[in-house]
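Novice: One structure, as structure tokens, below. Some questions next.
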Amino acid sequence: MRKALALSGGFDLADLFPSSKILKTLSWNKIKLLTMRRKLDEILDGIIDEHKENLSKMTNGSARLNQAGDSTRRGNGEFGNEDLVDVFLRVKESGELEFPIDNDNIKAVISEMFSAGTESSSSTINWTMAELMRNPRVMAKAQAEVRETFKGQKTTDTQNLKYLKLVIKETLRLHSPLPLIPRACREDCKVNGYFIPANAKVFVNTWGMGRDPKYWANPESFEPERFENNPTDLTGNHFEYLPFGAGRRICPGLTFGLTGVELPLAQLLYNFDWKLPEGINPDNLNMIENSGMTASRKEDLYLVATPYDPSPE
Ligand code: HEM
């Protein structure tokens with residue numbers, strides 16, 4: 001998936017001259033993408049086959065159609081219930097949809113969930129940890145909040161971690177995982193005097209917008225407090241800040257994605273104290289992004305973790 005993401009966001013001469021058939025035929029990127037797709041197809045076919053096989057083994061294959069409340073294992077889900085692929089297979093077999101689906105549709109959804117949902121969340125966690133290491137004041141404040149909120153409780157509720165939420169918002173301003181959001185124009189239009197023909201591919205530069213001094217004071221500095229008492233939210237209503245996109249194609253995994261970032265971060269901050277490895281200062285920590293569709297860290301982040309013992313407090 002990582003290789004596929006790097007390739008799909010890469011530069012290709014054929015994209016600059018879309019009418020040239022020769023460039024399209026010679027495109028090295030296309031060959032690499034097709035090879036990657038074949039590999040991905042094999043993995044996805046494997047996932048579907050495995051599900052089908054498991055389902056047919058489960059109590060004569062019909063139990064999964066039972067209503068909720070049935071105590072027998074009904075699917076491949078963690079608690080014996082159906083998972084996403086089971087649901088798709090059931091819907092496909094029952095033919096209950098107005099537009100029937102086939103294995104290709106199922107594979108497209110699984111691959112979309114993986115490609116859109118994994119790197120974006122892990123990259124946000126990585127960048128947040130890197131920013132916290134460069135900003136000890138923010139780290140101390142976020143850590144104090146998490147430790148105070150979770151003190152003595154076996155909770156995973158991140159609802160009250162108000163400061164951590166601001167920290168994540170600030171990370172997404174500077175390190176939006178999808179730095180260029182693609183769109184295509186449905187009709188000819190003019191923007192700021194530029195003529196944009198129908199079907200032209202345009203990119204919304206969320207990376208640039210997040211650092212534009214026209215909209216942000218001290219844009220390069222990491223200040224979660226800027227989002228305090230500030231109406232700018234994550235749902236695409238403020239066009240200077242679009243980490244989850246906007247409009248009808250806005251990220252459908254927004255709530256899930258945020259939880260998937262908040263909870264691991266809260267646990268990392270609660271359970272460990274963090275240091276940079278010997279010889280690395282906050283000022284020379286490499287903050288360069290990868291090229292490709294997602295702006296994850298170019299270099300892996302290495303940190304020294306010391307387990308935190310809450311008992312003496
Ligand atoms: C921090 C986490 C995440 C960030 C920052 C993020 C960001 C984005 C962005 C910027 C887009 C493009 C939106 C647009 O075109 O307007 C997008 C699309 C999408 N995201 Fe996320 N995402 C995250 C997590 C997730 C998760 C966890 C899932 C699902 C498990 C997910 C599923 C999707 C899907 C399916 C699309 C494509 C929607 C479409 O094309 O209509 N995302 N995401």
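Residue numbering restarts at 1 for every chain of the structure tokens, chains are lettered A, B, ... in their displayed order, and ligands are numbered from 1 as they appear.
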Identify all residues of range 22-135 of chain A in alpha helix (DSSP H) (DSSP on the backbone) and supply them as a PDB file with N, CA and C atoms, in the first residue's frame.

Specialist:
```pdb
ATOM      1  N   ILE A  22       1.708   8.267 -27.454  1.00  0.00           N
ATOM      2  CA  ILE A  22       3.047   7.655 -27.330  1.00  0.00           C
ATOM      3  C   ILE A  22       3.508   7.702 -25.879  1.00  0.00           C
ATOM      4  N   LEU A  23       3.373   8.882 -25.260  1.00  0.00           N
ATOM      5  CA  LEU A  23       3.832   9.006 -23.864  1.00  0.00           C
ATOM      6  C   LEU A  23       3.067   8.043 -22.953  1.00  0.00           C
ATOM      7  N   LYS A  24       1.753   7.923 -23.253  1.00  0.00           N
ATOM      8  CA  LYS A  24       0.934   7.029 -22.430  1.00  0.00           C
ATOM      9  C   LYS A  24       1.444   5.591 -22.551  1.00  0.00           C
ATOM     10  N   THR A  25       1.777   5.200 -23.810  1.00  0.00           N
ATOM     11  CA  THR A  25       2.241   3.833 -24.025  1.00  0.00           C
ATOM     12  C   THR A  25       3.594   3.603 -23.363  1.00  0.00           C
ATOM     13  N   LEU A  26       4.449   4.662 -23.425  1.00  0.00           N
ATOM     14  CA  LEU A  26       5.804   4.493 -22.885  1.00  0.00           C
ATOM     15  C   LEU A  26       5.880   4.709 -21.367  1.00  0.00           C
ATOM     16  N   TRP A  28       6.406   4.624 -17.836  1.00  0.00           N
ATOM     17  CA  TRP A  28       7.007   3.641 -16.931  1.00  0.00           C
ATOM     18  C   TRP A  28       6.142   3.520 -15.676  1.00  0.00           C
ATOM     19  N   ASN A  29       5.587   4.671 -15.267  1.00  0.00           N
ATOM     20  CA  ASN A  29       4.727   4.701 -14.096  1.00  0.00           C
ATOM     21  C   ASN A  29       3.521   3.772 -14.263  1.00  0.00           C
ATOM     22  N   LYS A  30       2.969   3.788 -15.497  1.00  0.00           N
ATOM     23  CA  LYS A  30       1.775   2.981 -15.747  1.00  0.00           C
ATOM     24  C   LYS A  30       2.111   1.500 -15.581  1.00  0.00           C
ATOM     25  N   ILE A  31       3.288   1.122 -16.110  1.00  0.00           N
ATOM     26  CA  ILE A  31       3.685  -0.286 -15.996  1.00  0.00           C
ATOM     27  C   ILE A  31       3.836  -0.662 -14.525  1.00  0.00           C
ATOM     28  N   LYS A  32       4.497   0.248 -13.771  1.00  0.00           N
ATOM     29  CA  LYS A  32       4.702  -0.045 -12.343  1.00  0.00           C
ATOM     30  C   LYS A  32       3.363  -0.108 -11.602  1.00  0.00           C
ATOM     31  N   LEU A  33       2.443   0.787 -11.998  1.00  0.00           N
ATOM     32  CA  LEU A  33       1.130   0.792 -11.325  1.00  0.00           C
ATOM     33  C   LEU A  33       0.354  -0.489 -11.625  1.00  0.00           C
ATOM     34  N   LEU A  34       0.452  -0.957 -12.893  1.00  0.00           N
ATOM     35  CA  LEU A  34      -0.277  -2.182 -13.250  1.00  0.00           C
ATOM     36  C   LEU A  34       0.288  -3.391 -12.502  1.00  0.00           C
ATOM     37  N   THR A  35       1.630  -3.419 -12.360  1.00  0.00           N
ATOM     38  CA  THR A  35       2.243  -4.519 -11.603  1.00  0.00           C
ATOM     39  C   THR A  35       1.765  -4.479 -10.157  1.00  0.00           C
ATOM     40  N   MET A  36       1.742  -3.267  -9.608  1.00  0.00           N
ATOM     41  CA  MET A  36       1.297  -3.086  -8.227  1.00  0.00           C
ATOM     42  C   MET A  36      -0.152  -3.531  -8.076  1.00  0.00           C
ATOM     43  N   ARG A  37      -0.955  -3.177  -9.079  1.00  0.00           N
ATOM     44  CA  ARG A  37      -2.382  -3.534  -9.016  1.00  0.00           C
ATOM     45  C   ARG A  37      -2.559  -5.042  -9.021  1.00  0.00           C
ATOM     46  N   ARG A  38      -1.744  -5.722  -9.832  1.00  0.00           N
ATOM     47  CA  ARG A  38      -1.851  -7.196  -9.871  1.00  0.00           C
ATOM     48  C   ARG A  38      -1.538  -7.776  -8.492  1.00  0.00           C
ATOM     49  N   LYS A  39      -0.505  -7.220  -7.847  1.00  0.00           N
ATOM     50  CA  LYS A  39      -0.125  -7.711  -6.513  1.00  0.00           C
ATOM     51  C   LYS A  39      -1.256  -7.460  -5.511  1.00  0.00           C
ATOM     52  N   LEU A  40      -1.809  -6.246  -5.593  1.00  0.00           N
ATOM     53  CA  LEU A  40      -2.885  -5.868  -4.676  1.00  0.00           C
ATOM     54  C   LEU A  40      -4.094  -6.769  -4.903  1.00  0.00           C
ATOM     55  N   ASP A  41      -4.381  -7.032  -6.187  1.00  0.00           N
ATOM     56  CA  ASP A  41      -5.506  -7.909  -6.541  1.00  0.00           C
ATOM     57  C   ASP A  41      -5.366  -9.279  -5.891  1.00  0.00           C
ATOM     58  N   GLU A  42      -4.137  -9.801  -5.935  1.00  0.00           N
ATOM     59  CA  GLU A  42      -3.894 -11.128  -5.340  1.00  0.00           C
ATOM     60  C   GLU A  42      -4.224 -11.111  -3.852  1.00  0.00           C
ATOM     61  N   ILE A  43      -3.777 -10.041  -3.169  1.00  0.00           N
ATOM     62  CA  ILE A  43      -4.018  -9.940  -1.720  1.00  0.00           C
ATOM     63  C   ILE A  43      -5.519  -9.835  -1.453  1.00  0.00           C
ATOM     64  N   LEU A  44      -6.195  -8.990  -2.246  1.00  0.00           N
ATOM     65  CA  LEU A  44      -7.629  -8.774  -2.004  1.00  0.00           C
ATOM     66  C   LEU A  44      -8.434 -10.023  -2.336  1.00  0.00           C
ATOM     67  N   ASP A  45      -8.044 -10.722  -3.426  1.00  0.00           N
ATOM     68  CA  ASP A  45      -8.727 -11.994  -3.749  1.00  0.00           C
ATOM     69  C   ASP A  45      -8.564 -12.955  -2.581  1.00  0.00           C
ATOM     70  N   GLY A  46      -7.349 -12.949  -1.990  1.00  0.00           N
ATOM     71  CA  GLY A  46      -7.068 -13.839  -0.851  1.00  0.00           C
ATOM     72  C   GLY A  46      -8.005 -13.539   0.322  1.00  0.00           C
ATOM     73  N   ILE A  47      -8.229 -12.226   0.572  1.00  0.00           N
ATOM     74  CA  ILE A  47      -9.099 -11.830   1.695  1.00  0.00           C
ATOM     75  C   ILE A  47     -10.529 -12.339   1.447  1.00  0.00           C
ATOM     76  N   ILE A  48     -10.999 -12.172   0.209  1.00  0.00           N
ATOM     77  CA  ILE A  48     -12.375 -12.604  -0.099  1.00  0.00           C
ATOM     78  C   ILE A  48     -12.489 -14.126  -0.001  1.00  0.00           C
ATOM     79  N   ASP A  49     -11.505 -14.834  -0.578  1.00  0.00           N
ATOM     80  CA  ASP A  49     -11.550 -16.312  -0.545  1.00  0.00           C
ATOM     81  C   ASP A  49     -11.536 -16.810   0.891  1.00  0.00           C
ATOM     82  N   GLU A  50     -10.673 -16.200   1.715  1.00  0.00           N
ATOM     83  CA  GLU A  50     -10.573 -16.616   3.115  1.00  0.00           C
ATOM     84  C   GLU A  50     -11.909 -16.429   3.834  1.00  0.00           C
ATOM     85  N   HIS A  51     -12.564 -15.309   3.561  1.00  0.00           N
ATOM     86  CA  HIS A  51     -13.866 -15.052   4.194  1.00  0.00           C
ATOM     87  C   HIS A  51     -14.895 -16.088   3.755  1.00  0.00           C
ATOM     88  N   LYS A  52     -14.899 -16.349   2.442  1.00  0.00           N
ATOM     89  CA  LYS A  52     -15.901 -17.308   1.915  1.00  0.00           C
ATOM     90  C   LYS A  52     -15.687 -18.669   2.553  1.00  0.00           C
ATOM     91  N   GLU A  53     -14.407 -19.067   2.625  1.00  0.00           N
ATOM     92  CA  GLU A  53     -14.083 -20.386   3.173  1.00  0.00           C
ATOM     93  C   GLU A  53     -14.514 -20.475   4.641  1.00  0.00           C
ATOM     94  N   ASN A  54     -14.179 -19.455   5.413  1.00  0.00           N
ATOM     95  CA  ASN A  54     -14.569 -19.464   6.837  1.00  0.00           C
ATOM     96  C   ASN A  54     -16.081 -19.488   6.994  1.00  0.00           C
ATOM     97  N   LEU A  55     -16.754 -18.691   6.146  1.00  0.00           N
ATOM     98  CA  LEU A  55     -18.216 -18.622   6.275  1.00  0.00           C
ATOM     99  C   LEU A  55     -18.855 -19.967   5.967  1.00  0.00           C
ATOM    100  N   SER A  56     -18.293 -20.658   4.948  1.00  0.00           N
ATOM    101  CA  SER A  56     -18.912 -21.941   4.597  1.00  0.00           C
ATOM    102  C   SER A  56     -18.678 -22.989   5.695  1.00  0.00           C
ATOM    103  N   LYS A  57     -17.607 -22.772   6.492  1.00  0.00           N
ATOM    104  CA  LYS A  57     -17.351 -23.722   7.587  1.00  0.00           C
ATOM    105  C   LYS A  57     -18.277 -23.463   8.775  1.00  0.00           C
ATOM    106  N   LEU A  84     -16.878  -6.203   7.644  1.00  0.00           N
ATOM    107  CA  LEU A  84     -17.271  -5.484   6.430  1.00  0.00           C
ATOM    108  C   LEU A  84     -17.373  -6.406   5.210  1.00  0.00           C
ATOM    109  N   VAL A  85     -16.376  -7.291   5.058  1.00  0.00           N
ATOM    110  CA  VAL A  85     -16.369  -8.162   3.875  1.00  0.00           C
ATOM    111  C   VAL A  85     -17.540  -9.142   3.931  1.00  0.00           C
ATOM    112  N   ASP A  86     -17.856  -9.669   5.138  1.00  0.00           N
ATOM    113  CA  ASP A  86     -19.014 -10.562   5.275  1.00  0.00           C
ATOM    114  C   ASP A  86     -20.291  -9.865   4.812  1.00  0.00           C
ATOM    115  N   VAL A  87     -20.429  -8.597   5.232  1.00  0.00           N
ATOM    116  CA  VAL A  87     -21.653  -7.863   4.879  1.00  0.00           C
ATOM    117  C   VAL A  87     -21.745  -7.733   3.356  1.00  0.00           C
ATOM    118  N   PHE A  88     -20.615  -7.371   2.742  1.00  0.00           N
ATOM    119  CA  PHE A  88     -20.626  -7.221   1.282  1.00  0.00           C
ATOM    120  C   PHE A  88     -20.973  -8.541   0.595  1.00  0.00           C
ATOM    121  N   LEU A  89     -20.389  -9.639   1.091  1.00  0.00           N
ATOM    122  CA  LEU A  89     -20.650 -10.934   0.455  1.00  0.00           C
ATOM    123  C   LEU A  89     -22.133 -11.302   0.605  1.00  0.00           C
ATOM    124  N   ARG A  90     -22.685 -11.004   1.795  1.00  0.00           N
ATOM    125  CA  ARG A  90     -24.112 -11.330   2.008  1.00  0.00           C
ATOM    126  C   ARG A  90     -24.989 -10.513   1.068  1.00  0.00           C
ATOM    127  N   VAL A  91     -24.684  -9.209   0.975  1.00  0.00           N
ATOM    128  CA  VAL A  91     -25.494  -8.334   0.116  1.00  0.00           C
ATOM    129  C   VAL A  91     -25.358  -8.758  -1.350  1.00  0.00           C
ATOM    130  N   LYS A  92     -24.149  -9.136  -1.699  1.00  0.00           N
ATOM    131  CA  LYS A  92     -23.915  -9.567  -3.092  1.00  0.00           C
ATOM    132  C   LYS A  92     -24.757 -10.804  -3.411  1.00  0.00           C
ATOM    133  N   GLU A  93     -24.712 -11.793  -2.494  1.00  0.00           N
ATOM    134  CA  GLU A  93     -25.450 -13.053  -2.733  1.00  0.00           C
ATOM    135  C   GLU A  93     -26.949 -12.830  -2.741  1.00  0.00           C
ATOM    136  N   SER A  94     -27.424 -11.966  -1.841  1.00  0.00           N
ATOM    137  CA  SER A  94     -28.882 -11.797  -1.727  1.00  0.00           C
ATOM    138  C   SER A  94     -29.448 -11.010  -2.907  1.00  0.00           C
ATOM    139  N   ASN A 103     -17.362  -8.932  -7.180  1.00  0.00           N
ATOM    140  CA  ASN A 103     -16.123  -8.983  -6.393  1.00  0.00           C
ATOM    141  C   ASN A 103     -15.248  -7.750  -6.609  1.00  0.00           C
ATOM    142  N   ASP A 104     -15.271  -7.201  -7.828  1.00  0.00           N
ATOM    143  CA  ASP A 104     -14.448  -6.014  -8.086  1.00  0.00           C
ATOM    144  C   ASP A 104     -14.881  -4.842  -7.210  1.00  0.00           C
ATOM    145  N   ASN A 105     -16.214  -4.697  -7.026  1.00  0.00           N
ATOM    146  CA  ASN A 105     -16.694  -3.606  -6.163  1.00  0.00           C
ATOM    147  C   ASN A 105     -16.217  -3.820  -4.727  1.00  0.00           C
ATOM    148  N   ILE A 106     -16.312  -5.080  -4.289  1.00  0.00           N
ATOM    149  CA  ILE A 106     -15.903  -5.373  -2.905  1.00  0.00           C
ATOM    150  C   ILE A 106     -14.416  -5.078  -2.748  1.00  0.00           C
ATOM    151  N   LYS A 107     -13.629  -5.502  -3.737  1.00  0.00           N
ATOM    152  CA  LYS A 107     -12.178  -5.274  -3.646  1.00  0.00           C
ATOM    153  C   LYS A 107     -11.857  -3.781  -3.653  1.00  0.00           C
ATOM    154  N   ALA A 108     -12.625  -3.028  -4.455  1.00  0.00           N
ATOM    155  CA  ALA A 108     -12.369  -1.574  -4.512  1.00  0.00           C
ATOM    156  C   ALA A 108     -12.613  -0.947  -3.141  1.00  0.00           C
ATOM    157  N   VAL A 109     -13.680  -1.387  -2.452  1.00  0.00           N
ATOM    158  CA  VAL A 109     -13.977  -0.783  -1.143  1.00  0.00           C
ATOM    159  C   VAL A 109     -12.910  -1.160  -0.122  1.00  0.00           C
ATOM    160  N   ILE A 110     -12.517  -2.455  -0.116  1.00  0.00           N
ATOM    161  CA  ILE A 110     -11.497  -2.843   0.877  1.00  0.00           C
ATOM    162  C   ILE A 110     -10.216  -2.051   0.623  1.00  0.00           C
ATOM    163  N   SER A 111      -9.815  -1.990  -0.638  1.00  0.00           N
ATOM    164  CA  SER A 111      -8.541  -1.325  -0.914  1.00  0.00           C
ATOM    165  C   SER A 111      -8.647   0.170  -0.586  1.00  0.00           C
ATOM    166  N   GLU A 112      -9.813   0.759  -0.835  1.00  0.00           N
ATOM    167  CA  GLU A 112     -10.031   2.187  -0.514  1.00  0.00           C
ATOM    168  C   GLU A 112      -9.941   2.416   0.997  1.00  0.00           C
ATOM    169  N   MET A 113     -10.545   1.500   1.755  1.00  0.00           N
ATOM    170  CA  MET A 113     -10.516   1.648   3.218  1.00  0.00           C
ATOM    171  C   MET A 113      -9.080   1.590   3.729  1.00  0.00           C
ATOM    172  N   PHE A 114      -8.305   0.636   3.155  1.00  0.00           N
ATOM    173  CA  PHE A 114      -6.907   0.515   3.597  1.00  0.00           C
ATOM    174  C   PHE A 114      -6.093   1.724   3.157  1.00  0.00           C
ATOM    175  N   SER A 115      -6.227   2.094   1.865  1.00  0.00           N
ATOM    176  CA  SER A 115      -5.355   3.163   1.383  1.00  0.00           C
ATOM    177  C   SER A 115      -5.726   4.496   2.014  1.00  0.00           C
ATOM    178  N   ALA A 116      -7.044   4.749   2.184  1.00  0.00           N
ATOM    179  CA  ALA A 116      -7.447   6.062   2.721  1.00  0.00           C
ATOM    180  C   ALA A 116      -7.351   6.105   4.235  1.00  0.00           C
ATOM    181  N   GLY A 117      -7.480   4.946   4.893  1.00  0.00           N
ATOM    182  CA  GLY A 117      -7.631   4.971   6.343  1.00  0.00           C
ATOM    183  C   GLY A 117      -6.383   4.677   7.154  1.00  0.00           C
ATOM    184  N   GLU A 119      -2.591   5.033   6.258  1.00  0.00           N
ATOM    185  CA  GLU A 119      -1.457   5.959   6.195  1.00  0.00           C
ATOM    186  C   GLU A 119      -1.829   7.340   6.754  1.00  0.00           C
ATOM    187  N   SER A 120      -3.075   7.782   6.463  1.00  0.00           N
ATOM    188  CA  SER A 120      -3.499   9.110   6.940  1.00  0.00           C
ATOM    189  C   SER A 120      -3.435   9.169   8.472  1.00  0.00           C
ATOM    190  N   SER A 121      -3.964   8.126   9.136  1.00  0.00           N
ATOM    191  CA  SER A 121      -3.993   8.148  10.602  1.00  0.00           C
ATOM    192  C   SER A 121      -2.593   7.963  11.179  1.00  0.00           C
ATOM    193  N   SER A 122      -1.831   6.983  10.632  1.00  0.00           N
ATOM    194  CA  SER A 122      -0.507   6.734  11.216  1.00  0.00           C
ATOM    195  C   SER A 122       0.411   7.934  10.989  1.00  0.00           C
ATOM    196  N   SER A 123       0.258   8.573   9.831  1.00  0.00           N
ATOM    197  CA  SER A 123       1.094   9.739   9.553  1.00  0.00           C
ATOM    198  C   SER A 123       0.761  10.869  10.536  1.00  0.00           C
ATOM    199  N   THR A 124      -0.515  11.050  10.861  1.00  0.00           N
ATOM    200  CA  THR A 124      -0.900  12.113  11.804  1.00  0.00           C
ATOM    201  C   THR A 124      -0.317  11.832  13.194  1.00  0.00           C
ATOM    202  N   ILE A 125      -0.329  10.552  13.600  1.00  0.00           N
ATOM    203  CA  ILE A 125       0.243  10.200  14.908  1.00  0.00           C
ATOM    204  C   ILE A 125       1.747  10.499  14.921  1.00  0.00           C
ATOM    205  N   ASN A 126       2.425  10.091  13.842  1.00  0.00           N
ATOM    206  CA  ASN A 126       3.867  10.329  13.733  1.00  0.00           C
ATOM    207  C   ASN A 126       4.214  11.805  13.800  1.00  0.00           C
ATOM    208  N   TRP A 127       3.501  12.608  13.008  1.00  0.00           N
ATOM    209  CA  TRP A 127       3.787  14.049  12.984  1.00  0.00           C
ATOM    210  C   TRP A 127       3.489  14.689  14.333  1.00  0.00           C
ATOM    211  N   THR A 128       2.405  14.232  14.989  1.00  0.00           N
ATOM    212  CA  THR A 128       2.083  14.822  16.291  1.00  0.00           C
ATOM    213  C   THR A 128       3.213  14.547  17.271  1.00  0.00           C
ATOM    214  N   MET A 129       3.694  13.294  17.297  1.00  0.00           N
ATOM    215  CA  MET A 129       4.787  12.966  18.220  1.00  0.00           C
ATOM    216  C   MET A 129       6.024  13.799  17.888  1.00  0.00           C
ATOM    217  N   ALA A 130       6.315  13.972  16.596  1.00  0.00           N
ATOM    218  CA  ALA A 130       7.489  14.766  16.207  1.00  0.00           C
ATOM    219  C   ALA A 130       7.326  16.213  16.674  1.00  0.00           C
ATOM    220  N   GLU A 131       6.142  16.789  16.460  1.00  0.00           N
ATOM    221  CA  GLU A 131       5.915  18.175  16.876  1.00  0.00           C
ATOM    222  C   GLU A 131       5.992  18.303  18.397  1.00  0.00           C
ATOM    223  N   LEU A 132       5.478  17.301  19.113  1.00  0.00           N
ATOM    224  CA  LEU A 132       5.535  17.366  20.578  1.00  0.00           C
ATOM    225  C   LEU A 132       6.989  17.325  21.061  1.00  0.00           C
ATOM    226  N   MET A 133       7.826  16.548  20.371  1.00  0.00           N
ATOM    227  CA  MET A 133       9.235  16.483  20.762  1.00  0.00           C
ATOM    228  C   MET A 133       9.932  17.813  20.512  1.00  0.00           C
ATOM    229  N   ARG A 134       9.480  18.525  19.470  1.00  0.00           N
ATOM    230  CA  ARG A 134      10.098  19.828  19.172  1.00  0.00           C
ATOM    231  C   ARG A 134       9.535  20.942  20.047  1.00  0.00           C
TER     232      ARG A 134
END
```

Novice: Please identify the residues whose atoms come within 10 Å of ligand 1, using only C-alpha atoms and all ligand atoms, and report them as a count of residues only.

Specialist: 59

Novice: Using only C-alpha atoms, pick whichever of A:Pro282, A:Gly210, A:Pro231, A:Pro307 has the shortest atom-to-atom distance to Gln267 in chain A.

Specialist: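 Among the listed residues, A:Pro307 lies closest to Gln267 in chain A.
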
Novice: Any idea what's packed within 7 Å of Trp274 in chain A, counting only C-alpha atoms, ignoring anything in its chain fewer than 5 positions away? Could you give it as a compact mmCIF listing (two decimals) with C-alpha atoms, in the first residue's frame?

Specialist:
```
# COMPACT_ATOMS: atom_id res chain seq x y z
CA LEU A 303 12.18 8.09 20.17
CA VAL A 304 13.26 6.74 23.53
CA ALA A 305 10.31 5.65 25.67
CA THR A 306 10.49 5.36 29.46
```

Novice: Return the single residue from A:Phe17, A:Tyr270, A:Tyr302, A:Phe79 that is closest to Glu148 in chain A, with distances computed using only C-alpha atoms.

Specialist: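 Comparing A:Phe17, A:Tyr270, A:Tyr302, A:Phe79 against Glu148 in chain A, the winner is A:Tyr270.
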
Novice: With only C-alpha atoms as the counted atoms, please give the residues lying no more than 9 Å from range 195-201 of chain A, apart from itself and same-chain residues fewer than 2 positions off, as a list of chain:residue names.

Specialist: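 That gives A:Pro182, A:Arg183, A:Ala184, A:Cys185, A:Arg186, A:Glu187, A:Asp188, A:Cys189, A:Lys190, A:Val191, A:Asn192, A:Gly193, A:Phe203.
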
Novice: Which residue, A:Leu97, A:Arg211, A:Ala266, A:Asp273, has the smallest gap to Thr155 in chain A when you use only C-alpha atoms?

Specialist: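 Distance minimum relative to Thr155 in chain A lands on A:Ala266.
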
Novice: Between A:Arg74, A:Thr158, A:Ala6, A:Glu228, which is the closest to Lys298 in chain A once you count only C-alpha atoms?

Specialist: A:Ala6
